[in-house]
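Novice: Pasting in a structure now, in structure tokens, and then I'll have a few things to ask.
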Amino acid sequence: MNKIDTLEFEVNMLLEAILFRYGYDFRHYARASLQRRVLNRVQLSDLDSVSDMIPKIMHEPNFFNLFLKDMSITVTEMFRDPFVFKQIRDSVFTQLKTYSRVNIWHAGCATGEEVYSMAIMLKEEGLLKRTQIYATDFNNHSLEVAAKGIYPAAKMKLFTENYLKSGGKESFADYYQAKYECAKLAESLKEHITFANHNLIKDQVFAQMHLVMCRNVLIYFDQNLQNRVLDLFKQSLIHRGFLILGDKESLDFSSVNNAFDKYQYPERIYRRSAYV
Ligand SMILES: C[S@@+](CC[C@H](N)C(=O)[O-])C[C@H]1O[C@@H](n2cnc3c(N)ncnc32)[C@H](O)[C@@H]1O
């Protein structure tokens, strides 16, 4: 066996051990970046090989939590890619306004910035009161941060710029209170948000959605797992519901491609097709 094969074999064994011990299935995460992160953890933990990680993973839940953190890239920001939020405000909301109740699911919400951005836009467009937002992730630590809605004050400059580019209509400073190094978002934004643990690999659909936003999550999955997750979104969406992906993600080559129309393509906004 050459060195590459050995590494692949050891990583496979590690992933089987994790599935057996903790029920988390990472076997269908995109391999190159998964391997990079595993090797990084080997180095940080002063281990000699991936094989050495296996007994630690099996016997030390805290070590597994570190691995879980490694696998959960939480990079995010408020109004990330403002042109996407602008398009949601200008064209998706026009459609959502025709419903008396609206359900929105943020899958892979990380530390919540994307969710609060949505809540702010819904409020400004008079939709928040009739909307229930479900914000899910499989990383409990991120969910705790999200539920608090407290972010470094230093980030508010970028968030304000993004808000304005996304068509923000008020003064962004009215949505948070800055204290020392922190900025706490307004409690009123949280009233319509439910944060919950949901693992896209194994959990099921839990409600009918008018809009599913899952940005910058599918890039970490291989095509098989992407298809599984996209099928979940398809099941969850109402007739003519919206699906929004990240700018490096698309439905091309996926198993659900013909169930969706491209609604606003540069923004990766899709809509459940009328015919499938
Ligand atoms: C880069 S963040 C994306 C955050 C936000 N959607 C955005 O675009 O700014 C990716 C998130 O996906 C979550 N994630 C990865 N695998 C997941 C899974 N199997 N189930 C649920 N969430 C997952 C990670 O924990 C992380 O919070």
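In the structure tokens, the first chain shown is A, the next is B, and so on; residue numbers restart at 1 for each chain, and ligands run from 1 in the order shown.
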Show me which residues sit within 10 Å of ligand 1 when counting only C-alpha atoms and all ligand atoms, and put them as a PyMOL selection string.

Specialist: chain A and resi 24-26+28-29+68-81+106-115+135-143+197-203+213-221+225+229+245-247

Novice: Give me, as a CSV table (one decimal) with N, CA, C and O atoms, in the first residue's frame, all polymer residues having an atom no more than 12 Å from A:Gly126, counting only C-alpha atoms and skipping those fewer than 2 positions away in the same chain.

Specialist:
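What landed in selection26.csv:
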```
chain,number,residue,atom,x,y,z
A,89,ARG,N,-35.1,40.5,-0.7
A,89,ARG,CA,-35.9,41.5,-0.3
A,89,ARG,C,-36.8,42.0,-1.5
A,89,ARG,O,-38.0,42.2,-1.4
A,93,PHE,N,-39.5,38.2,-1.5
A,93,PHE,CA,-40.5,38.7,-0.5
A,93,PHE,C,-41.9,39.1,-1.1
A,93,PHE,O,-42.9,38.9,-0.5
A,94,THR,N,-41.8,39.6,-2.4
A,94,THR,CA,-43.0,39.9,-3.1
A,94,THR,C,-43.9,38.7,-3.1
A,94,THR,O,-45.2,38.8,-3.0
A,96,LEU,N,-43.6,35.9,-1.1
A,96,LEU,CA,-44.0,35.5,0.3
A,96,LEU,C,-45.1,36.3,0.9
A,96,LEU,O,-45.9,35.8,1.7
A,97,LYS,N,-45.2,37.6,0.4
A,97,LYS,CA,-46.3,38.4,1.0
A,97,LYS,C,-47.7,37.9,0.6
A,97,LYS,O,-48.7,38.3,1.2
A,100,SER,N,-50.5,34.0,4.2
A,100,SER,CA,-50.8,34.5,5.5
A,100,SER,C,-49.9,34.1,6.6
A,100,SER,O,-49.7,34.7,7.6
A,119,ALA,N,-34.3,38.1,9.7
A,119,ALA,CA,-35.3,38.7,10.6
A,119,ALA,C,-35.4,40.2,10.4
A,119,ALA,O,-36.5,40.7,10.4
A,120,ILE,N,-34.3,40.8,10.3
A,120,ILE,CA,-34.3,42.3,10.1
A,120,ILE,C,-35.0,42.7,8.8
A,120,ILE,O,-35.9,43.6,8.8
A,121,MET,N,-34.7,42.0,7.7
A,121,MET,CA,-35.4,42.3,6.4
A,121,MET,C,-36.9,42.0,6.5
A,121,MET,O,-37.7,42.8,6.0
A,122,LEU,N,-37.2,40.9,7.2
A,122,LEU,CA,-38.7,40.5,7.3
A,122,LEU,C,-39.4,41.6,8.1
A,122,LEU,O,-40.5,42.0,7.7
A,123,LYS,N,-38.7,42.1,9.1
A,123,LYS,CA,-39.3,43.2,9.9
A,123,LYS,C,-39.6,44.4,9.1
A,123,LYS,O,-40.6,45.0,9.1
A,124,GLU,N,-38.5,44.8,8.4
A,124,GLU,CA,-38.6,46.0,7.6
A,124,GLU,C,-39.7,45.9,6.5
A,124,GLU,O,-40.3,46.9,6.0
A,128,LEU,N,-42.4,39.9,9.4
A,128,LEU,CA,-41.8,39.2,10.5
A,128,LEU,C,-42.9,38.6,11.4
A,128,LEU,O,-42.8,37.4,11.8
A,129,LYS,N,-44.0,39.3,11.6
A,129,LYS,CA,-45.0,38.9,12.5
A,129,LYS,C,-45.7,37.6,12.0
A,129,LYS,O,-46.2,36.8,12.8
A,130,ARG,N,-45.8,37.4,10.7
A,130,ARG,CA,-46.5,36.2,10.2
A,130,ARG,C,-45.5,35.1,9.9
A,130,ARG,O,-45.8,34.1,9.3
A,131,THR,N,-44.2,35.3,10.3
A,131,THR,CA,-43.2,34.3,9.9
A,131,THR,C,-42.6,33.5,11.1
A,131,THR,O,-42.4,34.1,12.1
```

Novice: Just list as number ranges by chain whatever in stretch 24-257 of chain A DSSP marks as helix (DSSP H, G or I).

Specialist: A: 31-44, 53-59, 61-71, 82-96, 113-124, 128-130, 140-148, 153-165, 172-175, 187-192, 218-220, 223-236, 257

Novice: Write out, as a compact mmCIF listing (two decimals), in the first residue's frame, the residues just selected, with C-alpha atoms.

Specialist:
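And here's again.txt as it stands now:
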```txt
# COMPACT_ATOMS: atom_id res chain seq x y z
CA ARG A 31 -12.67 14.02 0.94
CA ALA A 32 -9.86 16.47 0.20
CA SER A 33 -10.92 19.07 2.75
CA LEU A 34 -11.92 16.42 5.32
CA GLN A 35 -8.46 14.83 5.07
CA ARG A 36 -6.81 18.22 5.42
CA ARG A 37 -8.73 18.90 8.61
CA VAL A 38 -8.02 15.44 10.05
CA LEU A 39 -4.28 15.83 9.37
CA ASN A 40 -4.35 19.25 10.97
CA ARG A 41 -5.91 17.76 14.12
CA VAL A 42 -3.23 15.00 14.15
CA GLN A 43 -0.57 17.69 14.11
CA LEU A 44 -2.22 19.93 16.72
CA MET A 53 -6.65 9.38 16.63
CA ILE A 54 -8.96 6.36 16.66
CA PRO A 55 -8.55 5.26 20.32
CA LYS A 56 -8.67 8.90 21.46
CA ILE A 57 -11.89 9.47 19.53
CA MET A 58 -13.38 6.25 20.93
CA HIS A 59 -12.53 6.95 24.57
CA PRO A 61 -15.74 12.50 24.07
CA ASN A 62 -13.99 15.86 24.50
CA PHE A 63 -11.54 14.92 21.79
CA PHE A 64 -14.47 14.00 19.56
CA ASN A 65 -15.97 17.44 20.25
CA LEU A 66 -12.74 19.00 18.97
CA PHE A 67 -13.07 16.91 15.82
CA LEU A 68 -16.69 18.03 15.47
CA LYS A 69 -15.54 21.64 15.68
CA ASP A 70 -12.90 20.95 13.01
CA MET A 71 -15.62 19.61 10.74
CA PRO A 82 -25.45 41.54 0.16
CA PHE A 83 -26.66 41.24 -3.46
CA VAL A 84 -28.32 37.93 -2.50
CA PHE A 85 -30.18 39.56 0.39
CA LYS A 86 -31.17 42.43 -1.89
CA GLN A 87 -32.72 40.02 -4.34
CA ILE A 88 -34.56 38.22 -1.51
CA ARG A 89 -35.94 41.55 -0.31
CA ASP A 90 -36.84 42.82 -3.79
CA SER A 91 -38.22 39.73 -5.44
CA VAL A 92 -38.67 36.70 -3.12
CA PHE A 93 -40.53 38.70 -0.47
CA THR A 94 -43.04 39.90 -3.09
CA GLN A 95 -44.08 36.25 -3.42
CA LEU A 96 -43.95 35.50 0.31
CA GLU A 113 -25.72 36.03 11.64
CA GLU A 114 -27.58 34.95 8.47
CA VAL A 115 -30.76 34.30 10.46
CA TYR A 116 -30.81 37.71 12.16
CA SER A 117 -30.18 39.33 8.77
CA MET A 118 -33.30 37.62 7.48
CA ALA A 119 -35.30 38.66 10.57
CA ILE A 120 -34.28 42.30 10.08
CA MET A 121 -35.37 42.27 6.43
CA LEU A 122 -38.66 40.54 7.29
CA LYS A 123 -39.32 43.18 9.94
CA GLU A 124 -38.64 46.05 7.56
CA LEU A 128 -41.83 39.17 10.50
CA LYS A 129 -45.02 38.89 12.53
CA ARG A 130 -46.45 36.22 10.24
CA ASN A 140 -24.42 22.91 19.56
CA HIS A 141 -21.71 25.40 20.42
CA SER A 142 -22.61 27.51 17.36
CA LEU A 143 -26.29 27.26 18.24
CA GLU A 144 -25.62 28.62 21.73
CA VAL A 145 -23.82 31.63 20.26
CA ALA A 146 -26.65 32.07 17.75
CA ALA A 147 -29.35 32.01 20.41
CA LYS A 148 -27.54 34.72 22.41
CA ALA A 153 -18.57 45.02 18.26
CA ALA A 154 -15.64 45.21 15.84
CA LYS A 155 -17.73 43.35 13.26
CA MET A 156 -20.53 45.92 13.25
CA LYS A 157 -18.78 48.11 10.69
CA LEU A 158 -18.76 45.32 8.09
CA PHE A 159 -22.29 44.25 9.02
CA THR A 160 -23.54 47.84 8.62
CA GLU A 161 -21.91 48.14 5.19
CA ASN A 162 -23.46 44.84 4.11
CA TYR A 163 -26.85 45.88 5.46
CA LEU A 164 -26.78 49.10 3.41
CA LYS A 165 -25.68 47.26 0.26
CA PHE A 172 -28.57 49.47 11.41
CA ALA A 173 -27.39 50.79 14.80
CA ASP A 174 -31.02 50.60 16.00
CA TYR A 175 -30.83 46.79 15.85
CA GLU A 187 -34.49 40.77 21.59
CA SER A 188 -37.48 41.57 19.36
CA LEU A 189 -35.65 39.93 16.43
CA LYS A 190 -35.58 36.62 18.29
CA GLU A 191 -39.29 36.30 18.92
CA HIS A 192 -39.95 34.48 15.67
CA LEU A 218 -23.23 21.73 0.57
CA ILE A 219 -19.67 22.58 -0.53
CA TYR A 220 -18.44 20.35 2.31
CA GLN A 223 -22.43 14.56 -4.55
CA ASN A 224 -24.22 11.64 -2.82
CA LEU A 225 -24.73 13.53 0.39
CA GLN A 226 -25.65 16.70 -1.50
CA ASN A 227 -28.39 14.72 -3.26
CA ARG A 228 -29.70 13.38 0.04
CA VAL A 229 -29.82 16.84 1.56
CA LEU A 230 -31.32 18.46 -1.54
CA ASP A 231 -34.03 15.79 -1.58
CA LEU A 232 -34.81 16.70 2.03
CA PHE A 233 -35.23 20.35 1.01
CA LYS A 234 -37.40 19.32 -1.92
CA GLN A 235 -39.68 17.36 0.42
CA SER A 236 -39.80 20.20 2.87
CA ASN A 257 -32.35 19.56 -10.77
```

Novice: Using only C-alpha atoms, pick whichever of A:Arg27, A:Ser49, A:Gln204, A:Gln264 has the shortest atom-to-atom distance to A:Thr6.

Specialist: A:Ser49

Novice: Measure the distance from atom CA of A:Glu249 to atom CA of A:Thr98 in Å and round it to one decimal.

Specialist: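 Computing it gives 28.3 Å between the two atoms.
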
Novice: If you measure from atom CA of A:Ala186 to atom CA of A:Gly149, what distance in Å do you get, rounded to one decimal?

Specialist: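 For atom CA of A:Ala186 relative to atom CA of A:Gly149, the distance reads 8.2 Å.
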
Novice: Run DSSP on the backbone of this structure and report the residues of stretch 218-269 of chain A it assigns to strand (DSSP E or B), as a list in words.

Specialist: Phe221, Leu237, Ile238, His239, Arg240, Gly241, Phe242, Leu243, Ile244, Leu245, Phe260, Asp261, Lys262, Tyr263, Gln264 and Ile269 of chain A

Novice: What's the separation between atom CA of A:Asn12 and atom CA of A:Asp48, in Å to one decimal place?

Specialist: 17.0 Å

Novice: Please identify all polymer residues within 7 Å of stretch 269-271 of chain A, counting only C-alpha atoms, omitting same-chain residues fewer than 3 positions from it, and present them as an NGL selection string.

Specialist: :A and (240-245 or 260-265)

Novice: Those selected residues, please, written with N, CA and C atoms and delivered as a CSV table (one decimal), in the first residue's frame.

Specialist:
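Output below, filename part.csv:
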```csv
chain,number,residue,atom,x,y,z
A,240,ARG,N,-44.0,25.6,-5.3
A,240,ARG,CA,-43.4,26.9,-5.6
A,240,ARG,C,-42.6,27.6,-4.5
A,241,GLY,N,-42.2,26.8,-3.5
A,241,GLY,CA,-41.3,27.4,-2.5
A,241,GLY,C,-39.9,27.7,-3.0
A,242,PHE,N,-39.2,28.4,-2.2
A,242,PHE,CA,-37.8,28.9,-2.7
A,242,PHE,C,-36.7,28.1,-2.0
A,243,LEU,N,-35.6,27.9,-2.7
A,243,LEU,CA,-34.4,27.3,-2.2
A,243,LEU,C,-33.2,28.3,-2.5
A,244,ILE,N,-32.4,28.6,-1.5
A,244,ILE,CA,-31.3,29.5,-1.8
A,244,ILE,C,-30.0,28.9,-1.3
A,245,LEU,N,-29.1,28.7,-2.3
A,245,LEU,CA,-27.8,28.1,-2.0
A,245,LEU,C,-26.7,29.1,-2.0
A,260,PHE,N,-36.7,21.9,-9.8
A,260,PHE,CA,-36.6,23.4,-9.5
A,260,PHE,C,-36.4,24.2,-10.8
A,261,ASP,N,-36.8,25.4,-10.7
A,261,ASP,CA,-36.5,26.4,-11.8
A,261,ASP,C,-35.5,27.4,-11.2
A,262,LYS,N,-34.6,27.9,-12.1
A,262,LYS,CA,-33.7,28.9,-11.7
A,262,LYS,C,-34.5,30.2,-11.6
A,263,TYR,N,-34.6,30.8,-10.4
A,263,TYR,CA,-35.5,32.0,-10.2
A,263,TYR,C,-34.6,33.2,-10.4
A,264,GLN,N,-33.5,33.3,-9.7
A,264,GLN,CA,-32.5,34.4,-9.9
A,264,GLN,C,-31.2,33.7,-9.8
A,265,TYR,N,-30.6,33.4,-11.0
A,265,TYR,CA,-29.5,32.5,-11.0
A,265,TYR,C,-28.2,33.0,-10.3
```
